Amino acid sequence: MIKTSLTLLLTLVFLSASAGLNLSAVQAANTDNAAAPTLYAQLGGEAAVDAAVDRFYAKVLADARVKDFFEGVDMVRQSAMQKEFLTFAFGGPVTYSGQDMRSAHAHLVEEKGLSDMHFDAIVEHLGATLREMGVEENLIAQVAAVAESVREPVLNR
Ligand code: HEM
């Protein structure tokens, strides 16, 4: 898929530049049709990303498996960071300004036992958010693969 390739490519560029991550899980990105519109554009740009972030955090904060991790967290900043992240994941025009994934989550592993089951829940909510917004399953699978590529640093392994 044209938009899949471009979105994945831009996601990889973001992750490489911003987080110094191991991207072996998603190195199959193909670079043809680079002129295709981004998913960010196809979804409706900033308004769509705002909606996705709202929808995503509504799910996360309602989920007993993971909501305690966000207790005391500045959700205004958190939403801004996640919005930046998703904008990049959708191929949009923004520079991620947050911490790398290991630094951002290491204290959660140390102090709150962040583990695979919590990571799985977040990936589930990300997929459900995209699905509700009408994103095709093939692309959701690609985004899930990108999420998998940050599992090890997020869990500080
Ligand atoms: C695909 C996996 C994930 C991605 C891409 C991601 C992305 C991010 C980003 C961009 C930030 C902001 C970093 C900053 O403040 O500079 C962040 C912080 C945070 N993340 Fe994640 N995250 C992921 C997984 C998780 C999981 C599994 C949990 C817990 C269930 C979690 C909980 C948090 C919390 C609580 C913070 C705020 C930490 C603090 O401010 O003290 N994240 N994450």
# chains A, B, ... in the order shown; residues from 1 in each chain; ligands from 1
>>> residues_near_ligand(ligand="ligand 1", cutoff="9 Å", atoms="only C-alpha atoms and all ligand atoms", output="number ranges by chain")
A: 60, 65-75, 77-86, 96-101, 103-108, 114-123, 126, 144, 146-151, 154-155
>>> write_last_selection(atoms="N, CA and C atoms", output="compact mmCIF listing (two decimals), in the first residue's frame")
# COMPACT_ATOMS: atom_id res chain seq x y z
N VAL A 60 -7.34 4.48 27.67
CA VAL A 60 -6.26 4.15 28.60
C VAL A 60 -6.67 4.45 30.04
N ARG A 65 -6.19 -2.00 33.95
CA ARG A 65 -4.87 -2.61 33.79
C ARG A 65 -3.75 -1.57 33.75
N VAL A 66 -4.06 -0.37 33.26
CA VAL A 66 -2.98 0.61 33.03
C VAL A 66 -3.20 2.01 33.61
N LYS A 67 -4.41 2.32 34.05
CA LYS A 67 -4.68 3.71 34.41
C LYS A 67 -3.82 4.22 35.57
N ASP A 68 -3.42 3.33 36.49
CA ASP A 68 -2.64 3.78 37.64
C ASP A 68 -1.27 4.35 37.25
N PHE A 69 -0.76 3.93 36.11
CA PHE A 69 0.53 4.47 35.67
C PHE A 69 0.45 5.97 35.42
N PHE A 70 -0.74 6.47 35.13
CA PHE A 70 -0.90 7.87 34.76
C PHE A 70 -1.32 8.76 35.92
N GLU A 71 -1.41 8.16 37.11
CA GLU A 71 -1.76 8.93 38.30
C GLU A 71 -0.68 9.97 38.56
N GLY A 72 -1.07 11.23 38.72
CA GLY A 72 -0.10 12.28 39.00
C GLY A 72 0.64 12.79 37.78
N VAL A 73 0.38 12.20 36.62
CA VAL A 73 1.06 12.64 35.39
C VAL A 73 0.35 13.88 34.85
N ASP A 74 1.14 14.84 34.39
CA ASP A 74 0.60 16.04 33.75
C ASP A 74 0.00 15.64 32.40
N MET A 75 -1.31 15.47 32.38
CA MET A 75 -1.95 14.93 31.17
C MET A 75 -2.02 15.95 30.03
N ARG A 77 0.60 17.93 29.24
CA ARG A 77 1.88 17.69 28.55
C ARG A 77 1.88 16.31 27.90
N GLN A 78 1.36 15.33 28.62
CA GLN A 78 1.33 13.97 28.09
C GLN A 78 0.57 13.91 26.77
N SER A 79 -0.58 14.57 26.72
CA SER A 79 -1.37 14.58 25.50
C SER A 79 -0.62 15.27 24.37
N ALA A 80 0.10 16.34 24.72
CA ALA A 80 0.88 17.06 23.71
C ALA A 80 1.97 16.17 23.15
N MET A 81 2.63 15.41 24.06
CA MET A 81 3.70 14.51 23.62
C MET A 81 3.13 13.40 22.74
N GLN A 82 2.02 12.85 23.18
CA GLN A 82 1.43 11.76 22.41
C GLN A 82 0.89 12.26 21.07
N LYS A 83 0.42 13.50 21.09
CA LYS A 83 -0.03 14.09 19.83
C LYS A 83 1.14 14.23 18.85
N GLU A 84 2.27 14.68 19.38
CA GLU A 84 3.46 14.77 18.54
C GLU A 84 3.81 13.39 17.98
N PHE A 85 3.77 12.40 18.89
CA PHE A 85 4.14 11.05 18.49
C PHE A 85 3.22 10.56 17.38
N LEU A 86 1.91 10.68 17.58
CA LEU A 86 0.96 10.18 16.59
C LEU A 86 1.03 10.96 15.29
N TYR A 96 9.34 15.72 17.03
CA TYR A 96 9.11 15.20 18.38
C TYR A 96 10.09 15.83 19.34
N SER A 97 9.57 16.37 20.46
CA SER A 97 10.43 17.10 21.39
C SER A 97 10.55 16.39 22.74
N GLY A 98 9.97 15.22 22.86
CA GLY A 98 9.97 14.53 24.15
C GLY A 98 11.22 13.70 24.39
N GLN A 99 11.17 12.98 25.50
CA GLN A 99 12.28 12.11 25.88
C GLN A 99 12.30 10.86 25.00
N ASP A 100 13.45 10.19 24.95
CA ASP A 100 13.49 8.90 24.26
C ASP A 100 12.68 7.89 25.08
N MET A 101 12.29 6.80 24.43
CA MET A 101 11.35 5.85 25.05
C MET A 101 11.89 5.21 26.33
N SER A 103 14.18 6.46 28.49
CA SER A 103 14.23 7.45 29.56
C SER A 103 12.84 7.80 30.07
N ALA A 104 11.86 7.85 29.16
CA ALA A 104 10.51 8.26 29.54
C ALA A 104 9.81 7.23 30.41
N HIS A 105 10.20 5.95 30.28
CA HIS A 105 9.44 4.89 30.95
C HIS A 105 10.23 4.11 31.99
N ALA A 106 11.53 4.33 32.10
CA ALA A 106 12.36 3.51 33.00
C ALA A 106 11.84 3.56 34.44
N HIS A 107 11.42 4.76 34.89
CA HIS A 107 10.94 4.86 36.28
C HIS A 107 9.65 4.07 36.49
N LEU A 108 8.88 3.90 35.42
CA LEU A 108 7.63 3.13 35.54
C LEU A 108 7.94 1.64 35.72
N LEU A 114 6.03 -1.78 35.41
CA LEU A 114 5.59 -1.78 34.00
C LEU A 114 6.13 -3.02 33.29
N SER A 115 5.23 -3.75 32.62
CA SER A 115 5.64 -5.02 32.01
C SER A 115 4.89 -5.27 30.70
N ASP A 116 5.12 -6.45 30.14
CA ASP A 116 4.54 -6.80 28.84
C ASP A 116 3.02 -6.70 28.82
N MET A 117 2.36 -7.10 29.90
CA MET A 117 0.89 -7.07 29.87
C MET A 117 0.37 -5.63 29.75
N HIS A 118 1.09 -4.69 30.34
CA HIS A 118 0.69 -3.29 30.24
C HIS A 118 0.97 -2.76 28.83
N PHE A 119 2.11 -3.16 28.30
CA PHE A 119 2.45 -2.76 26.93
C PHE A 119 1.40 -3.29 25.96
N ASP A 120 1.00 -4.54 26.14
CA ASP A 120 -0.02 -5.15 25.27
C ASP A 120 -1.32 -4.34 25.32
N ALA A 121 -1.67 -3.87 26.51
CA ALA A 121 -2.91 -3.09 26.66
C ALA A 121 -2.84 -1.78 25.88
N ILE A 122 -1.67 -1.14 25.93
CA ILE A 122 -1.51 0.13 25.21
C ILE A 122 -1.58 -0.09 23.70
N VAL A 123 -0.95 -1.15 23.22
CA VAL A 123 -1.01 -1.47 21.78
C VAL A 123 -2.46 -1.77 21.39
N LEU A 126 -4.26 1.51 21.11
CA LEU A 126 -3.83 2.23 19.91
C LEU A 126 -4.53 1.65 18.68
N ALA A 144 1.12 -1.37 14.62
CA ALA A 144 1.39 -2.30 15.73
C ALA A 144 2.83 -2.81 15.66
N VAL A 146 5.37 -1.15 14.47
CA VAL A 146 6.21 -0.05 14.95
C VAL A 146 6.17 0.00 16.47
N ALA A 147 4.98 -0.15 17.03
CA ALA A 147 4.86 -0.16 18.49
C ALA A 147 5.72 -1.29 19.08
N GLU A 148 5.67 -2.46 18.43
CA GLU A 148 6.48 -3.59 18.91
C GLU A 148 7.97 -3.24 18.91
N SER A 149 8.38 -2.43 17.97
CA SER A 149 9.80 -2.09 17.87
C SER A 149 10.29 -1.26 19.05
N VAL A 150 9.36 -0.67 19.82
CA VAL A 150 9.79 0.10 21.00
C VAL A 150 9.52 -0.64 22.30
N ARG A 151 9.04 -1.89 22.21
CA ARG A 151 8.72 -2.65 23.43
C ARG A 151 9.94 -2.78 24.35
N VAL A 154 10.98 0.62 26.00
CA VAL A 154 9.92 1.07 26.92
C VAL A 154 9.97 0.25 28.21
N LEU A 155 10.24 -1.05 28.07
CA LEU A 155 10.28 -1.91 29.25
C LEU A 155 11.70 -1.99 29.84
>>> closest_residue(among="A:Ala89, A:Glu46, A:Arg102, A:Arg157", to="Gln142 in chain A", atoms="only C-alpha atoms")
A:Ala89
>>> atom_distance(atom1="CA of Ala64 in chain A", atom2="CA of Gly113 in chain A")
14.6 Å
>>> closest_residue(among="A:Ala51, A:Ala41, A:Pro153, A:Thr87", to="Met133 in chain A", atoms="only C-alpha atoms")
A:Ala51
>>> closest_residue(among="A:Glu124, A:Gly91, A:Asp63, A:Glu136", to="Gly45 in chain A", atoms="only C-alpha atoms")
A:Gly91
>>> atom_distance(atom1="CA of Leu61 in chain A", atom2="CA of Leu139 in chain A")
24.8 Å
>>> atom_distance(atom1="CA of His125 in chain A", atom2="CA of Ile140 in chain A")
11.3 Å
>>> closest_residue(among="A:Phe88, A:Leu130, A:Val76, A:Glu110", to="Ala52 in chain A", atoms="only C-alpha atoms")
A:Leu130
>>> closest_residue(among="A:Ala128, A:Val109, A:Ala145, A:Ala47", to="Lys59 in chain A", atoms="only C-alpha atoms")
A:Ala128
>>> closest_residue(among="A:Val49, A:Gly92, A:Asn156, A:Phe56", to="Gly127 in chain A", atoms="only C-alpha atoms")
A:Phe56
